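Here the structure is laid out as structure tokens; the discussion comes afterwards.
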Protein chains: 2
Amino acid sequence: MRATVMFGAGDVHIETVPDARLIEPTDALVVVTRAAICGSDLWPYKRMEYSETGRPMGHEAIGIVEAVGADVRSVRVGNLVVMPFAYSDGTCVFCREGLHTSCIHGGFFGTVDIPGAQAEAVRVPQADGTLVVLPVGADDALMPSLLTLSDVMGTGHHAAVAAKVGPGKTAAVVGDGAVGLCGVIAARRLGAEQIIILGRHPDRIALAREFGATDIVSERGEEGVERVRELTGGLGVHAVLECVGLEQSMRTALGIARPGGAVGRVGVPQDETLPASQPAFYNNVTVGGGPAPCRAYIEELLPDVLEGLIEPGRVFDRVVRLDEVPDGYRAMNEREAIKVLIKF
Amino acid sequence: MRATVMFGAGDVHIETVPDARLIEPTDALVVVTRAAICGSDLWPYKRMEYSETGRPMGHEAIGIVEAVGADVRSVRVGNLVVMPFAYSDGTCVFCREGLHTSCIHGGFFGTVDIPGAQAEAVRVPQADGTLVVLPVGADDALMPSLLTLSDVMGTGHHAAVAAKVGPGKTAAVVGDGAVGLCGVIAARRLGAEQIIILGRHPDRIALAREFGATDIVSERGEEGVERVRELTGGLGVHAVLECVGLEQSMRTALGIARPGGAVGRVGVPQDETLPASQPAFYNNVTVGGGPAPCRAYIEELLPDVLEGLIEPGRVFDRVVRLDEVPDGYRAMNEREAIKVLIKF
């Protein structure tokens with residue numbers, strides 16, 4: 001079959017690889033109908049060292065179940081399913097607590113053992129725990145929004161939950177990428193009164209406004225912090241959604257949090273340490289977040305997508321075929337596209 | 001009057017200083033009957049650069065109100081009062097949220113403007129918001145425990161709250177100083193099922209056991225982390241109370257937190273950055289805490305002290321007179337004493 005493989009920074013190709021197939025009795029084989037390129041795929045796209053064997057890419061997909069292992073009970077051949085970016089058994093102590101990304105028998109897609117979803121088909125381990133059957137047709141107009149439940153919408157929601165967004169609170173979103181935009185949706189959905197987005201790309205900012213952002217801060221660094229303080233009566237915001245993962249963005253996030261506030265971080269941290277430990281301490285600012293347990297959130301978010309109450313699929317502003325995926329990476333990396341959907 | 005002044009590392013003296021007096025109409029003048037030396041006083045005792053004018057020390061006290069300013073309403077001359085280590089107006093937006101340490105009109109004792117409480121008397125700004133009248137006599141046997149409400153018991157409680165201790169949860173306390181020991185009391189009081197203390201001083205460990213610690217880990221660093229994991233079925237603990245403030249203790253705290261767990265830090269951080277940002281992220285571990293809003297907690301903890309349900313005053317294992325305070329610093333710094341009470 002054909003699949004996306006990254007061999008090094010900027011070096012992504014569509015390769016012919018061995019067909020995905022069932023290995024464990026708990027596996028499902030899913031023929032991919034929609035996949036996506038993730039902001040987190042851009043970190044290796046910028047930095048990966050050359051690898052001869054390469055890394056199979058992709059962890060967001062919707063598809064049709066083609067085969068299931070002998071132990072699979074809740075998913076059937078022919079089902080249209082969405083997969084979260086992590087697989088999980090759904091029964092371990094962490095899954096029962098709703099933290100599927102720490103599943104004791106779980107893991108992540110896009111490794112040599114568990115190849116990626118930017119491919120014609122994908123093997124899904126722990127199919128019963130991982131996959132969610134979608135109650136729509138395979139070409140439903142909701143496909144883009146449903147696809148965001150794999151990762152980007154769940155991740156924006158996780159940032160909002162970790163930042164303790166709630167009714168009447170003030171929120172700020174650091175980063176105007178697809179996750180930040182979904183963070184705006186999540187903050188509004190959870191009742192935030194004021195939603196400030198920090199970003200400067202006109203197309204993204206326009207979308208953020210439509211999603212519910214009430215204020216835009218295009219300044220960066222200390223100036224951006226000052227601007228947010230001006231917008232919040234000098235206090236800072238209750239809830240900061242950190243959707244980038246860089247030292248500077250975290251410093252901004254901690255700088256704009258109000259005393260007693262919380263930063264929910266979902267941008268994959270690129271540094272070993274967290275800055276501004278002392279200011280965060282003196283202000284009693286909480287830092288939470290991590291890989292989003294999207295599997296847990298699908299149950300909460302899916303009804304809103306099906307009812308059209310939220311439209312996170314609008315973050316996809318480019319659609320490519322599999323053989324155009326390398327150009328999709330380039331376009332996202334150059335910020336020509338917010339997020340790329342792959343249609344099979 | 002006589003007061004404790006620190007001039008540099010290891011250089012503490014009892015000096016004759018100008019009498020404390022009312023300055024603002026919201027002030028109270030309190031004659032100190034009990035004060036204490038705090039673990040946080042040991043940071044300057046170890047590191048302070050020489051200062052000709054010196055720093056007036058102390059932020060924990062019980063005393064008798066000798067005079068009040070014209071605007072003071074809730075405190076009267078003759079009242080026996082306890083002061084938290086921060087003063088606060090009790091009415092600002094942060095005080096109303098219970099975060100008195102971020103009071104807009106508040107601040108901390110032990111500066112040139114607001115001198116310290118290891119002195120014969122102390123000026124207490126924002127007296128109505130700051131002071132709590134104690135319903136006991138000035139020589140009640142509960143004095144040591146009541147004095148801990150100024151800081152150390154409230155701080156241990158804050159660590160437990162920030163670490164999200166709750167009924168049936170597992171907790172670990174990093175640090176066997178007076179704050180850590182009060183953290184054990186707080187964790188037990190909030191319902192933790194297993195309470196592991198990381199420490200190695202036999203007298204402190206013995207007290208920790210009496211306060212409710214169920215397990216002792218004397219190993220440090222990676223070995224300590226391994227030992228806690230063994231004690232928790234490989235998972236780590238839900239709630240970690242970080243009561244030290246060093247890079248190594250925070251690394252240990254993050255290492256023993258269970259995925260989805262929380263670290264409540266109350267040890268004043270001695271470093272600009274927080275370690276292990278990436279492991280904390282991948283495990284969705286939350287880091288919270290800061291200066292404890294002891295004023296808010298007095299209302300919750302005072303009844304338990306009065307009823308004898310908790311006995312945090314047992315952390316005081318040495319009593320000195322004011323002129324012996326320099327030796328009290330030495331004794332605490334050399335870990336000869338857990339915590340020193342100053343009796344006037």
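Residues are named by chain letter and number: chains run A, B, ... in the order of the structure tokens, numbers start at 1 in each chain, and ligands are numbered from 1 in the order shown.
All residues within stretch 27-133 of chain B that the backbone DSSP calculation assigns to alpha helix (DSSP H) are Leu42, Trp43, Pro44, Tyr45, Lys46, Arg47, Val93, Phe94, Cys95, Arg96, Ala127, Asp128, Gly129 and Thr130 of chain B.
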Write out the residues from the selection above, keeping C-alpha atoms, as a PDB file, in the first residue's frame.
```pdb
ATOM      1  CA  LEU B  42      16.917  29.897  56.268  1.00  0.00           C
ATOM      2  CA  TRP B  43      17.271  30.794  52.569  1.00  0.00           C
ATOM      3  CA  PRO B  44      18.630  34.277  53.375  1.00  0.00           C
ATOM      4  CA  TYR B  45      20.447  32.790  56.382  1.00  0.00           C
ATOM      5  CA  LYS B  46      22.346  30.633  53.880  1.00  0.00           C
ATOM      6  CA  ARG B  47      22.750  33.106  51.046  1.00  0.00           C
ATOM      7  CA  VAL B  93     -10.973  40.694  44.109  1.00  0.00           C
ATOM      8  CA  PHE B  94      -8.264  38.204  45.059  1.00  0.00           C
ATOM      9  CA  CYS B  95      -9.143  38.161  48.767  1.00  0.00           C
ATOM     10  CA  ARG B  96     -12.753  37.471  47.825  1.00  0.00           C
ATOM     11  CA  ALA B 127      -5.635  44.939  60.363  1.00  0.00           C
ATOM     12  CA  ASP B 128      -9.302  44.200  59.682  1.00  0.00           C
ATOM     13  CA  GLY B 129      -8.447  41.939  56.768  1.00  0.00           C
ATOM     14  CA  THR B 130      -5.307  40.428  58.226  1.00  0.00           C
TER      15      THR B 130
END
```
Which residues of chain B are close to chain A, meaning at most 7 Å apart when you count only C-alpha atoms, and how do they look as an mmCIF file with N, CA and C atoms, in the first residue's frame?
```cif
data_model
loop_
_atom_site.group_PDB
_atom_site.id
_atom_site.type_symbol
_atom_site.label_atom_id
_atom_site.label_comp_id
_atom_site.auth_asym_id
_atom_site.auth_seq_id
_atom_site.Cartn_x
_atom_site.Cartn_y
_atom_site.Cartn_z
ATOM 1 N N LEU B 99 -7.544 34.158 47.695
ATOM 2 C CA LEU B 99 -6.102 34.187 47.409
ATOM 3 C C LEU B 99 -5.498 35.451 48.032
ATOM 4 N N SER B 102 -2.263 37.351 47.130
ATOM 5 C CA SER B 102 -2.199 38.231 45.960
ATOM 6 C C SER B 102 -3.038 39.485 46.173
ATOM 7 N N PRO B 259 0.485 9.498 36.375
ATOM 8 C CA PRO B 259 -0.133 10.198 35.233
ATOM 9 C C PRO B 259 -1.485 10.783 35.638
ATOM 10 N N GLY B 260 -1.697 12.031 35.280
ATOM 11 C CA GLY B 260 -2.926 12.709 35.673
ATOM 12 C C GLY B 260 -2.878 13.266 37.085
ATOM 13 N N PRO B 269 10.664 28.346 45.410
ATOM 14 C CA PRO B 269 11.571 27.825 44.381
ATOM 15 C C PRO B 269 12.870 28.634 44.325
ATOM 16 N N GLU B 272 15.178 29.468 38.565
ATOM 17 C CA GLU B 272 14.382 30.251 37.619
ATOM 18 C C GLU B 272 13.476 29.357 36.759
ATOM 19 N N THR B 273 13.917 28.116 36.541
ATOM 20 C CA THR B 273 13.132 27.217 35.687
ATOM 21 C C THR B 273 12.690 25.994 36.484
ATOM 22 N N LEU B 274 11.685 25.345 35.940
ATOM 23 C CA LEU B 274 11.147 24.123 36.533
ATOM 24 C C LEU B 274 11.688 22.958 35.696
ATOM 25 N N PRO B 275 12.201 21.905 36.344
ATOM 26 C CA PRO B 275 12.782 20.802 35.555
ATOM 27 C C PRO B 275 11.694 19.889 35.001
ATOM 28 N N ALA B 276 12.149 18.966 34.149
ATOM 29 C CA ALA B 276 11.312 17.842 33.710
ATOM 30 C C ALA B 276 9.998 18.293 33.095
ATOM 31 N N SER B 277 10.066 19.364 32.316
ATOM 32 C CA SER B 277 8.855 19.876 31.672
ATOM 33 C C SER B 277 8.227 18.833 30.762
ATOM 34 N N GLN B 278 9.065 18.113 30.032
ATOM 35 C CA GLN B 278 8.514 17.137 29.077
ATOM 36 C C GLN B 278 7.889 15.926 29.768
ATOM 37 N N PHE B 281 4.623 16.939 31.084
ATOM 38 C CA PHE B 281 3.662 17.089 29.991
ATOM 39 C C PHE B 281 3.130 15.727 29.556
ATOM 40 N N TYR B 282 4.017 14.799 29.241
ATOM 41 C CA TYR B 282 3.549 13.516 28.696
ATOM 42 C C TYR B 282 2.689 12.749 29.690
ATOM 43 N N ASN B 283 2.903 13.002 30.980
ATOM 44 C CA ASN B 283 2.087 12.346 32.005
ATOM 45 C C ASN B 283 0.889 13.174 32.448
ATOM 46 N N ASN B 284 0.674 14.322 31.808
ATOM 47 C CA ASN B 284 -0.437 15.185 32.206
ATOM 48 C C ASN B 284 -0.418 15.479 33.703
ATOM 49 N N VAL B 285 0.773 15.728 34.218
ATOM 50 C CA VAL B 285 0.904 16.090 35.634
ATOM 51 C C VAL B 285 0.756 17.606 35.779
ATOM 52 N N THR B 286 -0.094 18.013 36.680
ATOM 53 C CA THR B 286 -0.329 19.426 36.958
ATOM 54 C C THR B 286 0.615 19.911 38.056
ATOM 55 N N VAL B 287 1.154 21.114 37.870
ATOM 56 C CA VAL B 287 1.979 21.731 38.915
ATOM 57 C C VAL B 287 1.269 22.992 39.395
ATOM 58 N N GLY B 288 0.933 23.029 40.673
ATOM 59 C CA GLY B 288 0.270 24.199 41.231
ATOM 60 C C GLY B 288 0.930 24.612 42.536
ATOM 61 N N GLY B 289 0.332 25.557 43.201
ATOM 62 C CA GLY B 289 0.848 25.993 44.487
ATOM 63 C C GLY B 289 1.559 27.329 44.416
ATOM 64 N N GLY B 290 2.052 27.746 45.556
ATOM 65 C CA GLY B 290 2.688 29.050 45.697
ATOM 66 C C GLY B 290 2.585 29.484 47.156
ATOM 67 N N PRO B 291 2.693 30.777 47.405
ATOM 68 C CA PRO B 291 2.541 31.234 48.793
ATOM 69 C C PRO B 291 1.116 30.928 49.279
#
```
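Distance-wise, atom CA of A:Val65 and atom CA of A:Met332 end up 29.3 Å apart.
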Residues of stretch 112-207 of chain A in strand (DSSP E or B) according to DSSP, as a PyMOL selection string? chain A and resi 119+121-124+132-133+170-174+194-198
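Among the candidates A:Gly69, A:Gly233, A:Gly154, A:Gly191, the residue lying nearest to A:Pro84 is A:Gly154 (atoms considered: only C-alpha atoms).
Comparing the minimum interatomic distances between A:Thr33 and each of A:Ala20, A:Val75, A:Ala119, A:Ile310, counting only C-alpha atoms, we find that A:Ala119 sits nearest.
Contact shell of B:Thr232 at 10 Å (only C-alpha atoms; same-chain neighbours under 3 positions omitted): B:Thr170, B:Ala171, B:Gln194, B:Ile196, B:Glu226, B:Arg227, B:Val228, B:Arg229, B:Leu235, B:Gly236, B:Val237, B:His238, B:Ile256, B:Arg258.
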Written selection (N, CA and C atoms) as a compact mmCIF listing (two decimals), in the first residue's frame:
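Output file again_10.txt is given in full below:
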```
# COMPACT_ATOMS: atom_id res chain seq x y z
N THR B 170 -3.81 8.61 46.97
CA THR B 170 -2.46 8.40 47.47
C THR B 170 -1.72 9.73 47.43
N ALA B 171 -0.91 9.97 48.46
CA ALA B 171 -0.17 11.22 48.54
C ALA B 171 1.27 10.95 48.91
N GLN B 194 -3.09 6.66 51.48
CA GLN B 194 -1.68 6.30 51.67
C GLN B 194 -0.91 7.61 51.68
N ILE B 196 2.96 8.87 51.87
CA ILE B 196 4.38 8.52 51.87
C ILE B 196 5.18 9.78 52.17
N GLU B 226 12.07 5.38 42.46
CA GLU B 226 11.82 3.94 42.28
C GLU B 226 11.07 3.36 43.47
N ARG B 227 11.50 3.76 44.65
CA ARG B 227 10.91 3.23 45.88
C ARG B 227 9.43 3.63 45.99
N VAL B 228 9.13 4.88 45.65
CA VAL B 228 7.73 5.32 45.70
C VAL B 228 6.91 4.54 44.68
N ARG B 229 7.51 4.30 43.52
CA ARG B 229 6.77 3.53 42.50
C ARG B 229 6.48 2.12 43.01
N LEU B 235 2.59 2.83 39.83
CA LEU B 235 1.83 3.92 39.21
C LEU B 235 2.32 5.32 39.60
N GLY B 236 2.86 5.46 40.81
CA GLY B 236 3.10 6.80 41.36
C GLY B 236 1.90 7.24 42.16
N VAL B 237 2.00 8.41 42.79
CA VAL B 237 0.92 8.89 43.66
C VAL B 237 0.08 9.96 42.97
N HIS B 238 -1.17 10.05 43.41
CA HIS B 238 -2.06 11.08 42.87
C HIS B 238 -1.56 12.49 43.20
N ILE B 256 7.57 11.10 40.86
CA ILE B 256 6.72 10.18 41.63
C ILE B 256 5.23 10.45 41.42
N ARG B 258 1.81 10.33 39.64
CA ARG B 258 1.12 9.40 38.77
C ARG B 258 0.59 10.15 37.54
```
Neighbouring residues of B:Asp19 were defined as those with any atom within 10 Å, considering only C-alpha atoms; residues of the same chain fewer than 5 positions away were excluded. Please report them as an NGL selection string. :B and (1-3 or 119-123)
Find the residues near stretch 248-253 of chain A: any atom within 8 Å, counting only C-alpha atoms, skip ones fewer than 4 places away on the same chain, and give them as a PDB file with C-alpha atoms, in the first residue's frame.
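After the write, part.pdb holds the following:
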```pdb
ATOM      1  CA  VAL A 174      -1.553  31.576  22.910  1.00  0.00           C
ATOM      2  CA  GLY A 175      -1.085  30.497  19.297  1.00  0.00           C
ATOM      3  CA  GLY A 221       6.645  38.933  24.130  1.00  0.00           C
ATOM      4  CA  GLU A 222       6.474  41.579  26.847  1.00  0.00           C
ATOM      5  CA  GLY A 224       1.803  41.078  24.200  1.00  0.00           C
ATOM      6  CA  VAL A 225       1.726  40.493  27.953  1.00  0.00           C
ATOM      7  CA  VAL A 240      -4.521  30.457  29.435  1.00  0.00           C
ATOM      8  CA  LEU A 241      -4.522  27.882  26.632  1.00  0.00           C
ATOM      9  CA  GLU A 242      -0.873  27.371  25.597  1.00  0.00           C
ATOM     10  CA  VAL A 244       2.500  26.331  20.826  1.00  0.00           C
ATOM     11  CA  ALA A 257      -2.190  34.402  33.754  1.00  0.00           C
ATOM     12  CA  VAL A 263      -2.237  27.514  32.118  1.00  0.00           C
ATOM     13  CA  LEU A 274       9.669  25.362  32.045  1.00  0.00           C
ATOM     14  CA  PRO A 275      10.480  29.071  32.320  1.00  0.00           C
ATOM     15  CA  ALA A 276       9.352  31.606  34.907  1.00  0.00           C
TER      16      ALA A 276
END
```
